[in-house]
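Shown below: entry01.cif, with mmCIF, C-alpha atoms and all ligand atoms.
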data_data
#
loop_
_atom_site.label_atom_id
_atom_site.label_comp_id
_atom_site.auth_asym_id
_atom_site.auth_seq_id
_atom_site.Cartn_x
_atom_site.Cartn_y
_atom_site.Cartn_z
CA MET A 1 97.98 119.85 83.81
CA LYS A 2 99.23 119.94 87.38
CA LEU A 3 99.90 116.56 88.88
CA VAL A 4 101.16 115.07 92.08
CA LEU A 5 102.66 111.55 92.04
CA LEU A 6 102.69 109.81 95.40
CA GLY A 7 104.26 106.52 96.38
CA PRO A 8 107.01 105.00 98.53
CA PRO A 9 110.70 105.02 97.54
CA GLY A 10 111.10 102.59 94.65
CA ALA A 11 107.45 102.80 93.55
CA GLY A 12 108.45 104.13 90.13
CA LYS A 13 107.53 107.81 90.52
CA GLY A 14 110.62 109.01 88.65
CA THR A 15 110.20 106.54 85.78
CA GLN A 16 106.52 107.31 85.34
CA SER A 17 107.12 111.07 85.65
CA GLN A 18 109.58 110.94 82.77
CA ARG A 19 107.04 109.17 80.60
CA ILE A 20 104.31 111.70 81.42
CA VAL A 21 106.75 114.53 80.67
CA GLU A 22 107.44 113.07 77.23
CA SER A 23 103.82 112.40 76.32
CA ARG A 24 102.26 115.56 77.75
CA GLY A 25 104.96 118.20 77.32
CA ILE A 26 104.94 119.28 80.96
CA VAL A 27 107.93 119.56 83.29
CA GLN A 28 108.97 117.17 86.04
CA LEU A 29 109.67 118.77 89.38
CA SER A 30 111.52 116.23 91.50
CA THR A 31 112.39 117.68 94.88
CA GLY A 32 114.93 114.87 95.39
CA ASP A 33 116.66 115.86 92.12
CA MET A 34 116.62 119.53 93.17
CA LEU A 35 118.26 118.63 96.48
CA ARG A 36 120.85 116.42 94.75
CA ALA A 37 121.64 119.34 92.41
CA ALA A 38 122.16 121.60 95.45
CA ILE A 39 124.47 118.95 96.95
CA ALA A 40 126.46 118.71 93.69
CA GLU A 41 126.83 122.51 93.65
CA GLY A 42 127.97 122.46 97.27
CA THR A 43 125.51 125.16 98.37
CA PRO A 44 124.96 125.61 102.12
CA ALA A 45 121.43 124.21 101.74
CA GLY A 46 122.85 121.22 99.86
CA ILE A 47 125.46 120.48 102.51
CA GLN A 48 122.76 120.58 105.20
CA ALA A 49 120.35 118.45 103.13
CA LYS A 50 122.92 115.74 102.39
CA LYS A 51 123.23 114.70 106.02
CA ILE A 52 119.47 114.45 106.38
CA MET A 53 119.02 112.55 103.11
CA ASP A 54 121.79 110.08 103.95
CA ARG A 55 119.94 109.24 107.16
CA GLY A 56 116.71 108.70 105.21
CA ASP A 57 114.93 111.56 106.96
CA LEU A 58 113.06 114.50 105.47
CA VAL A 59 114.46 117.99 105.04
CA SER A 60 112.38 120.73 106.64
CA ASP A 61 108.94 121.57 105.30
CA ASP A 62 109.82 125.27 105.09
CA MET A 63 112.96 124.66 103.07
CA ILE A 64 111.37 122.30 100.57
CA SER A 65 108.16 124.33 100.20
CA GLY A 66 110.28 127.42 99.53
CA ILE A 67 112.16 125.59 96.79
CA VAL A 68 108.94 124.36 95.15
CA LYS A 69 107.24 127.75 95.39
CA ASP A 70 110.16 129.37 93.62
CA ARG A 71 110.32 126.63 90.99
CA ILE A 72 106.64 126.64 90.00
CA GLY A 73 106.92 130.38 89.34
CA HIS A 74 109.33 129.74 86.44
CA ASP A 75 108.05 130.18 82.88
CA ASP A 76 108.56 126.52 81.92
CA CYS A 77 105.87 125.53 84.43
CA SER A 78 103.16 127.55 82.68
CA LYS A 79 102.04 124.55 80.59
CA GLY A 80 101.90 122.35 83.64
CA PHE A 81 104.08 120.25 85.88
CA ILE A 82 104.33 116.97 87.63
CA LEU A 83 105.44 116.98 91.25
CA ASP A 84 107.56 113.91 92.00
CA GLY A 85 108.43 113.55 95.69
CA PHE A 86 106.44 116.54 96.93
CA PRO A 87 104.34 116.88 99.05
CA ARG A 88 105.76 114.37 101.54
CA THR A 89 103.98 115.70 104.64
CA VAL A 90 100.51 117.08 105.30
CA THR A 91 102.11 120.46 106.08
CA GLN A 92 103.70 120.43 102.60
CA ALA A 93 100.34 119.49 101.04
CA GLU A 94 98.76 122.48 102.77
CA SER A 95 101.58 124.75 101.57
CA LEU A 96 101.08 123.49 98.04
CA ASP A 97 97.35 124.26 98.15
CA LYS A 98 98.18 127.74 99.38
CA MET A 99 100.85 128.48 96.77
CA LEU A 100 98.60 127.24 93.96
CA SER A 101 95.52 129.13 95.14
CA GLU A 102 97.59 132.33 95.34
CA LYS A 103 98.19 131.88 91.61
CA GLY A 104 94.56 130.96 90.93
CA LEU A 105 95.62 127.38 90.15
CA LYS A 106 94.39 123.97 91.26
CA LEU A 107 95.76 120.45 91.03
CA THR A 108 94.42 118.43 88.10
CA ALA A 109 95.06 115.03 89.70
CA VAL A 110 96.91 113.19 92.42
CA VAL A 111 98.05 109.68 91.47
CA GLU A 112 99.26 107.27 94.12
CA ILE A 113 101.41 104.35 92.97
CA THR A 114 100.98 101.45 95.39
CA VAL A 115 103.63 98.75 95.71
CA ASP A 116 104.10 95.77 98.06
CA GLU A 117 106.72 96.77 100.60
CA SER A 118 108.46 93.43 100.11
CA ALA A 119 109.28 94.44 96.51
CA LEU A 120 110.87 97.77 97.38
CA LEU A 121 114.25 96.61 98.67
CA GLU A 122 114.89 94.63 95.50
CA ARG A 123 113.92 97.63 93.35
CA ILE A 124 116.16 100.02 95.29
CA GLU A 125 119.07 97.57 95.07
CA LYS A 126 118.48 97.25 91.32
CA ARG A 127 118.49 101.05 90.95
CA ALA A 128 121.73 101.24 92.96
CA ARG A 129 123.36 98.73 90.57
CA GLU A 130 122.03 100.46 87.43
CA THR A 131 123.15 103.93 88.54
CA GLY A 132 126.53 102.75 89.80
CA GLY A 133 125.66 103.77 93.35
CA ALA A 134 125.03 107.41 92.37
CA ARG A 135 122.56 107.82 95.25
CA SER A 136 124.11 107.44 98.67
CA ASP A 137 120.64 106.78 100.15
CA ASP A 138 119.92 103.73 97.96
CA ASN A 139 120.96 101.03 100.42
CA ALA A 140 119.15 98.59 102.69
CA GLU A 141 119.80 100.50 105.89
CA THR A 142 118.67 103.92 104.68
CA LEU A 143 115.71 102.38 102.86
CA LYS A 144 114.42 101.06 106.18
CA GLN A 145 114.34 104.59 107.58
CA ARG A 146 112.90 106.06 104.36
CA LEU A 147 110.05 103.55 104.57
CA ALA A 148 109.41 104.30 108.24
CA VAL A 149 109.27 108.01 107.41
CA TYR A 150 106.99 107.26 104.48
CA ARG A 151 104.53 105.34 106.66
CA GLU A 152 104.53 107.92 109.40
CA ARG A 153 104.65 111.21 107.52
CA THR A 154 103.78 110.65 103.86
CA ALA A 155 100.97 108.06 104.04
CA PRO A 156 98.75 110.72 105.74
CA VAL A 157 99.16 112.85 102.60
CA SER A 158 97.07 110.27 100.70
CA ASP A 159 94.35 110.63 103.34
CA TYR A 160 94.55 114.40 102.98
CA TYR A 161 93.81 114.13 99.24
CA ARG A 162 91.24 111.37 99.78
CA LYS A 163 89.08 113.88 101.65
CA THR A 164 88.66 115.97 98.52
CA GLY A 165 88.34 112.96 96.22
CA ILE A 166 91.16 114.15 93.93
CA ILE A 167 93.34 111.06 94.47
CA SER A 168 93.43 107.92 92.32
CA SER A 169 95.46 104.77 92.97
CA VAL A 170 97.43 102.76 90.46
CA ASP A 171 98.82 99.27 91.03
CA GLY A 172 102.58 99.75 90.85
CA MET A 173 103.20 95.99 90.84
CA GLN A 174 102.14 95.85 87.18
CA GLU A 175 104.68 95.98 84.33
CA ILE A 176 106.08 99.50 83.78
CA ASP A 177 104.07 99.96 80.55
CA GLU A 178 100.89 98.87 82.28
CA VAL A 179 101.46 101.34 85.09
CA THR A 180 101.91 104.08 82.47
CA ALA A 181 98.68 103.00 80.74
CA SER A 182 96.79 103.06 84.05
CA ILE A 183 98.07 106.57 84.81
CA ASN A 184 97.16 107.77 81.33
CA ALA A 185 93.65 106.37 81.72
CA ILE A 186 93.25 108.45 84.89
CA LEU A 187 94.65 111.58 83.28
CA ASP A 188 92.41 111.22 80.22
CA ALA A 189 89.25 110.54 82.22
P1 LIG A 201 113.64 111.21 96.39
O1 LIG A 201 114.62 111.42 95.29
O2 LIG A 201 112.28 111.77 96.09
O3 LIG A 201 113.57 109.78 96.84
O4 LIG A 201 114.18 112.04 97.64
C1 LIG A 201 115.42 111.74 98.25
C2 LIG A 201 115.51 112.39 99.62
O5 LIG A 201 115.42 113.81 99.49
C3 LIG A 201 114.40 112.02 100.59
O6 LIG A 201 114.66 110.80 101.27
C4 LIG A 201 114.43 113.21 101.54
O7 LIG A 201 115.53 113.15 102.43
C5 LIG A 201 114.70 114.37 100.57
N1 LIG A 201 113.43 114.92 100.04
C6 LIG A 201 112.97 114.87 98.76
N2 LIG A 201 111.79 115.45 98.65
C7 LIG A 201 111.45 115.89 99.90
C8 LIG A 201 110.31 116.54 100.44
N3 LIG A 201 109.24 116.87 99.68
N4 LIG A 201 110.33 116.83 101.78
C9 LIG A 201 111.38 116.52 102.55
N5 LIG A 201 112.48 115.87 102.11
C10 LIG A 201 112.52 115.55 100.79
#
Re-express the file's structure as structure tokens.
Ligand code: AMP
Amino acid sequence: MKLVLLGPPGAGKGTQSQRIVESRGIVQLSTGDMLRAAIAEGTPAGIQAKKIMDRGDLVSDDMISGIVKDRIGHDDCSKGFILDGFPRTVTQAESLDKMLSEKGLKLTAVVEITVDESALLERIEKRARETGGARSDDNAETLKQRLAVYRERTAPVSDYYRKTGIISSVDGMQEIDEVTASINAILDA
């Protein structure tokens, strides 16, 4: 099973990915987590990415697509994977199609979690409290920019997948368990 989870910051992509990982035995590929790992290691790519992430902007398509291409070639992805936070631009979506087709693979599903924008700030502030401020981009100011970037660059990714009919939407304003149940219903259909 090869999935893409789409949705704005605070939609619950990470939480739902973890649940799918547990129930389906596939791996979660969070590009945000990969970048945060690079920052923690202090690699040149990490140092460059941190500035961009702290502003709420996107790192370059080439860099992130390179990271994903390398990652999906690892053995643990052979049973399937869930992409959390990638693709975030139409160019990335096109790269993903290309890297999968080169391996003779296709996406199983794209699930978009929709949430009222008015709920996102509260969710991000809650996450900041719960994680003790571990993410330097979880604050009101950066969220504003992350949402602007989402509207401008990531919302078109949903349209890209709508053209092929592979995308399904789930109401992310439901309780967490209900969101999980809705996603499972799509995956089992
Ligand atoms: P996330 O953990 O998915 O919210 O990602 C945190 C930050 O990492 C984003 O705001 C971007 O700056 C960067 N990032 C994560 N995934 C991508 C991606 N696919 N393309 C570009 N930047 C990304």
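Neighbouring residues of ligand LIG 201 (chain A) at a cut-off of 7 Å, counting only C-alpha atoms and all ligand atoms, are Pro9, Ser30, Thr31, Gly32, Asp33, Leu35, Ile52, Met53, Gly56, Asp57, Leu58, Val59, Ser60, Asp61, Ile64, Asp84, Gly85, Phe86, Pro87, Arg88 and Arg146 of chain A.
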Please provide the set of residues having any atom within 9 Å of range 179-182 of chain A, restricted to all atoms listed in the file, with same-chain residues fewer than 3 positions apart removed, written as a list in words.
Gln16, Arg19, Ile20, Ile113, Val170, Asp171, Gly172, Met173, Gln174, Glu175, Ile176, Ala185, Ile186 and Leu187 of chain A
As an exercise, work out the distance from CA of Pro8 in chain A to CA of Asp62 in chain A in Å and give it to one decimal place.
21.5 Å
Looking at A:Val157, A:Ile166, A:Ala11, A:Ile82, which one is nearest to Asp116 in chain A, with distances taken over only C-alpha atoms?
A:Ala11
Which is closest to Thr91 in chain A among A:Lys163, A:Arg153, A:Arg129, A:Lys2, if we use all atoms listed in the file?
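The answer is A:Arg153, which sits nearest to Thr91 in chain A.
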Test item: residues at most 8 Å from Glu125 in chain A, only C-alpha atoms, excluding those fewer than 2 positions along its chain, as a ChimeraX atom specification
/A:121-123,127-129,138-140
File dump, residues just selected, C-alpha atoms, as a PDB file, keeping the file's coordinate frame:
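The result, stored in again28.pdb:
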ATOM      1  CA  LEU A 121     114.250  96.610  98.670  1.00  0.00           C
ATOM      2  CA  GLU A 122     114.890  94.630  95.500  1.00  0.00           C
ATOM      3  CA  ARG A 123     113.920  97.630  93.350  1.00  0.00           C
ATOM      4  CA  ARG A 127     118.490 101.050  90.950  1.00  0.00           C
ATOM      5  CA  ALA A 128     121.730 101.240  92.960  1.00  0.00           C
ATOM      6  CA  ARG A 129     123.360  98.730  90.570  1.00  0.00           C
ATOM      7  CA  ASP A 138     119.920 103.730  97.960  1.00  0.00           C
ATOM      8  CA  ASN A 139     120.960 101.030 100.420  1.00  0.00           C
ATOM      9  CA  ALA A 140     119.150  98.590 102.690  1.00  0.00           C
TER      10      ALA A 140
END
Give me the residues within 12 Å of Arg36 in chain A as a list in words, counting only C-alpha atoms and dropping any in the same chain fewer than 3 places off.
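Using only C-alpha atoms, the neighbours found are Ser30, Thr31, Gly32, Asp33, Ile39, Ala40, Glu41, Gly42, Thr43, Ala45, Gly46, Ile47, Gln48, Ala49, Lys50, Lys51, Ile52, Met53, Asp54, Ala134, Arg135, Ser136 and Asp137 of chain A.
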Top pick for closest residue to Asp159 in chain A, considering A:Gly132, A:Val111, A:Gly73, A:Val90 and counting only C-alpha atoms
A:Val90
Name the closest residue to Ser95 in chain A among the candidates A:Ser169, A:Thr15, A:Ser23, A:Ser65; distances are taken between atoms, counting all atoms listed in the file.
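Of A:Ser169, A:Thr15, A:Ser23, A:Ser65, the one nearest Ser95 in chain A, counting all atoms listed in the file, is A:Ser65.
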One-decimal distance in Å that lies between CA of Ala148 in chain A and CA of Arg71 in chain A
28.2 Å
How many Å lie between CA of Gln92 in chain A and CA of Ser118 in chain A, rounded to one decimal?
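According to the coordinates, CA of Gln92 in chain A and CA of Ser118 in chain A are separated by 27.5 Å.
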Taking only C-alpha atoms into account, which of A:Thr131, A:Ser17, A:Thr142, A:Gln28 comes nearest Asp76 in chain A?
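Going through A:Thr131, A:Ser17, A:Thr142, A:Gln28 one by one, the smallest distance to Asp76 in chain A is for A:Gln28.
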So which residues touch Glu102 in chain A within 12 Å, counting all atoms listed in the file, skipping near sequence neighbours fewer than 4 positions away, as a VMD selection string?
chain A and resid 69 72 to 73 95 to 98 106
With N, CA, C and O atoms as the goal, would you fill in the gaps in range 2-21 of chain A and present it as a PDB file, in the coordinates of the input?
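This went into out_0.pdb:
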ATOM      1  N   LYS A   2      98.398 119.867  86.178  1.00  0.00           N
ATOM      2  CA  LYS A   2      99.230 119.940  87.380  1.00  0.00           C
ATOM      3  C   LYS A   2      99.008 118.685  88.202  1.00  0.00           C
ATOM      4  O   LYS A   2      97.926 118.480  88.728  1.00  0.00           O
ATOM      5  N   LEU A   3     100.050 117.869  88.257  1.00  0.00           N
ATOM      6  CA  LEU A   3      99.900 116.560  88.880  1.00  0.00           C
ATOM      7  C   LEU A   3     100.791 116.392  90.075  1.00  0.00           C
ATOM      8  O   LEU A   3     101.881 116.945  90.123  1.00  0.00           O
ATOM      9  N   VAL A   4     100.324 115.542  90.978  1.00  0.00           N
ATOM     10  CA  VAL A   4     101.160 115.070  92.080  1.00  0.00           C
ATOM     11  C   VAL A   4     101.248 113.549  91.946  1.00  0.00           C
ATOM     12  O   VAL A   4     100.233 112.883  91.764  1.00  0.00           O
ATOM     13  N   LEU A   5     102.480 113.012  92.004  1.00  0.00           N
ATOM     14  CA  LEU A   5     102.660 111.550  92.040  1.00  0.00           C
ATOM     15  C   LEU A   5     103.104 111.169  93.438  1.00  0.00           C
ATOM     16  O   LEU A   5     104.112 111.671  93.932  1.00  0.00           O
ATOM     17  N   LEU A   6     102.355 110.282  94.057  1.00  0.00           N
ATOM     18  CA  LEU A   6     102.690 109.810  95.400  1.00  0.00           C
ATOM     19  C   LEU A   6     103.095 108.341  95.341  1.00  0.00           C
ATOM     20  O   LEU A   6     102.645 107.604  94.466  1.00  0.00           O
ATOM     21  N   GLY A   7     103.887 107.935  96.295  1.00  0.00           N
ATOM     22  CA  GLY A   7     104.260 106.520  96.380  1.00  0.00           C
ATOM     23  C   GLY A   7     105.554 106.381  97.152  1.00  0.00           C
ATOM     24  O   GLY A   7     106.341 107.326  97.235  1.00  0.00           O
ATOM     25  N   PRO A   8     105.794 105.205  97.731  1.00  0.00           N
ATOM     26  CA  PRO A   8     107.010 105.000  98.530  1.00  0.00           C
ATOM     27  C   PRO A   8     108.271 105.000  97.671  1.00  0.00           C
ATOM     28  O   PRO A   8     108.175 104.910  96.439  1.00  0.00           O
ATOM     29  N   PRO A   9     109.446 105.085  98.306  1.00  0.00           N
ATOM     30  CA  PRO A   9     110.700 105.020  97.540  1.00  0.00           C
ATOM     31  C   PRO A   9     110.757 103.705  96.762  1.00  0.00           C
ATOM     32  O   PRO A   9     110.490 102.652  97.326  1.00  0.00           O
ATOM     33  N   GLY A  10     111.034 103.797  95.477  1.00  0.00           N
ATOM     34  CA  GLY A  10     111.100 102.590  94.650  1.00  0.00           C
ATOM     35  C   GLY A  10     109.783 102.250  93.979  1.00  0.00           C
ATOM     36  O   GLY A  10     109.680 101.261  93.262  1.00  0.00           O
ATOM     37  N   ALA A  11     108.760 103.094  94.155  1.00  0.00           N
ATOM     38  CA  ALA A  11     107.450 102.800  93.550  1.00  0.00           C
ATOM     39  C   ALA A  11     107.455 103.007  92.043  1.00  0.00           C
ATOM     40  O   ALA A  11     106.622 102.447  91.332  1.00  0.00           O
ATOM     41  N   GLY A  12     108.396 103.837  91.571  1.00  0.00           N
ATOM     42  CA  GLY A  12     108.450 104.130  90.130  1.00  0.00           C
ATOM     43  C   GLY A  12     107.976 105.532  89.784  1.00  0.00           C
ATOM     44  O   GLY A  12     107.645 105.812  88.634  1.00  0.00           O
ATOM     45  N   LYS A  13     107.990 106.429  90.766  1.00  0.00           N
ATOM     46  CA  LYS A  13     107.530 107.810  90.520  1.00  0.00           C
ATOM     47  C   LYS A  13     108.388 108.496  89.466  1.00  0.00           C
ATOM     48  O   LYS A  13     107.870 109.157  88.579  1.00  0.00           O
ATOM     49  N   GLY A  14     109.703 108.334  89.593  1.00  0.00           N
ATOM     50  CA  GLY A  14     110.620 109.010  88.650  1.00  0.00           C
ATOM     51  C   GLY A  14     110.434 108.487  87.231  1.00  0.00           C
ATOM     52  O   GLY A  14     110.328 109.271  86.280  1.00  0.00           O
ATOM     53  N   THR A  15     110.373 107.159  87.101  1.00  0.00           N
ATOM     54  CA  THR A  15     110.200 106.540  85.780  1.00  0.00           C
ATOM     55  C   THR A  15     108.895 106.986  85.143  1.00  0.00           C
ATOM     56  O   THR A  15     108.855 107.389  83.969  1.00  0.00           O
ATOM     57  N   GLN A  16     107.825 106.938  85.901  1.00  0.00           N
ATOM     58  CA  GLN A  16     106.520 107.310  85.340  1.00  0.00           C
ATOM     59  C   GLN A  16     106.460 108.806  85.061  1.00  0.00           C
ATOM     60  O   GLN A  16     105.865 109.221  84.062  1.00  0.00           O
ATOM     61  N   SER A  17     107.101 109.619  85.895  1.00  0.00           N
ATOM     62  CA  SER A  17     107.120 111.070  85.650  1.00  0.00           C
ATOM     63  C   SER A  17     107.762 111.367  84.305  1.00  0.00           C
ATOM     64  O   SER A  17     107.249 112.162  83.520  1.00  0.00           O
ATOM     65  N   GLN A  18     108.882 110.688  84.034  1.00  0.00           N
ATOM     66  CA  GLN A  18     109.580 110.940  82.770  1.00  0.00           C
ATOM     67  C   GLN A  18     108.691 110.615  81.578  1.00  0.00           C
ATOM     68  O   GLN A  18     108.685 111.320  80.577  1.00  0.00           O
ATOM     69  N   ARG A  19     107.925 109.551  81.696  1.00  0.00           N
ATOM     70  CA  ARG A  19     107.040 109.170  80.600  1.00  0.00           C
ATOM     71  C   ARG A  19     105.919 110.192  80.404  1.00  0.00           C
ATOM     72  O   ARG A  19     105.561 110.519  79.281  1.00  0.00           O
ATOM     73  N   ILE A  20     105.389 110.705  81.509  1.00  0.00           N
ATOM     74  CA  ILE A  20     104.310 111.700  81.420  1.00  0.00           C
ATOM     75  C   ILE A  20     104.862 113.004  80.819  1.00  0.00           C
ATOM     76  O   ILE A  20     104.216 113.654  80.003  1.00  0.00           O
ATOM     77  N   VAL A  21     106.097 113.336  81.215  1.00  0.00           N
ATOM     78  CA  VAL A  21     106.750 114.530  80.670  1.00  0.00           C
ATOM     79  C   VAL A  21     106.854 114.422  79.153  1.00  0.00           C
ATOM     80  O   VAL A  21     106.523 115.361  78.423  1.00  0.00           O
TER      81      VAL A  21
END
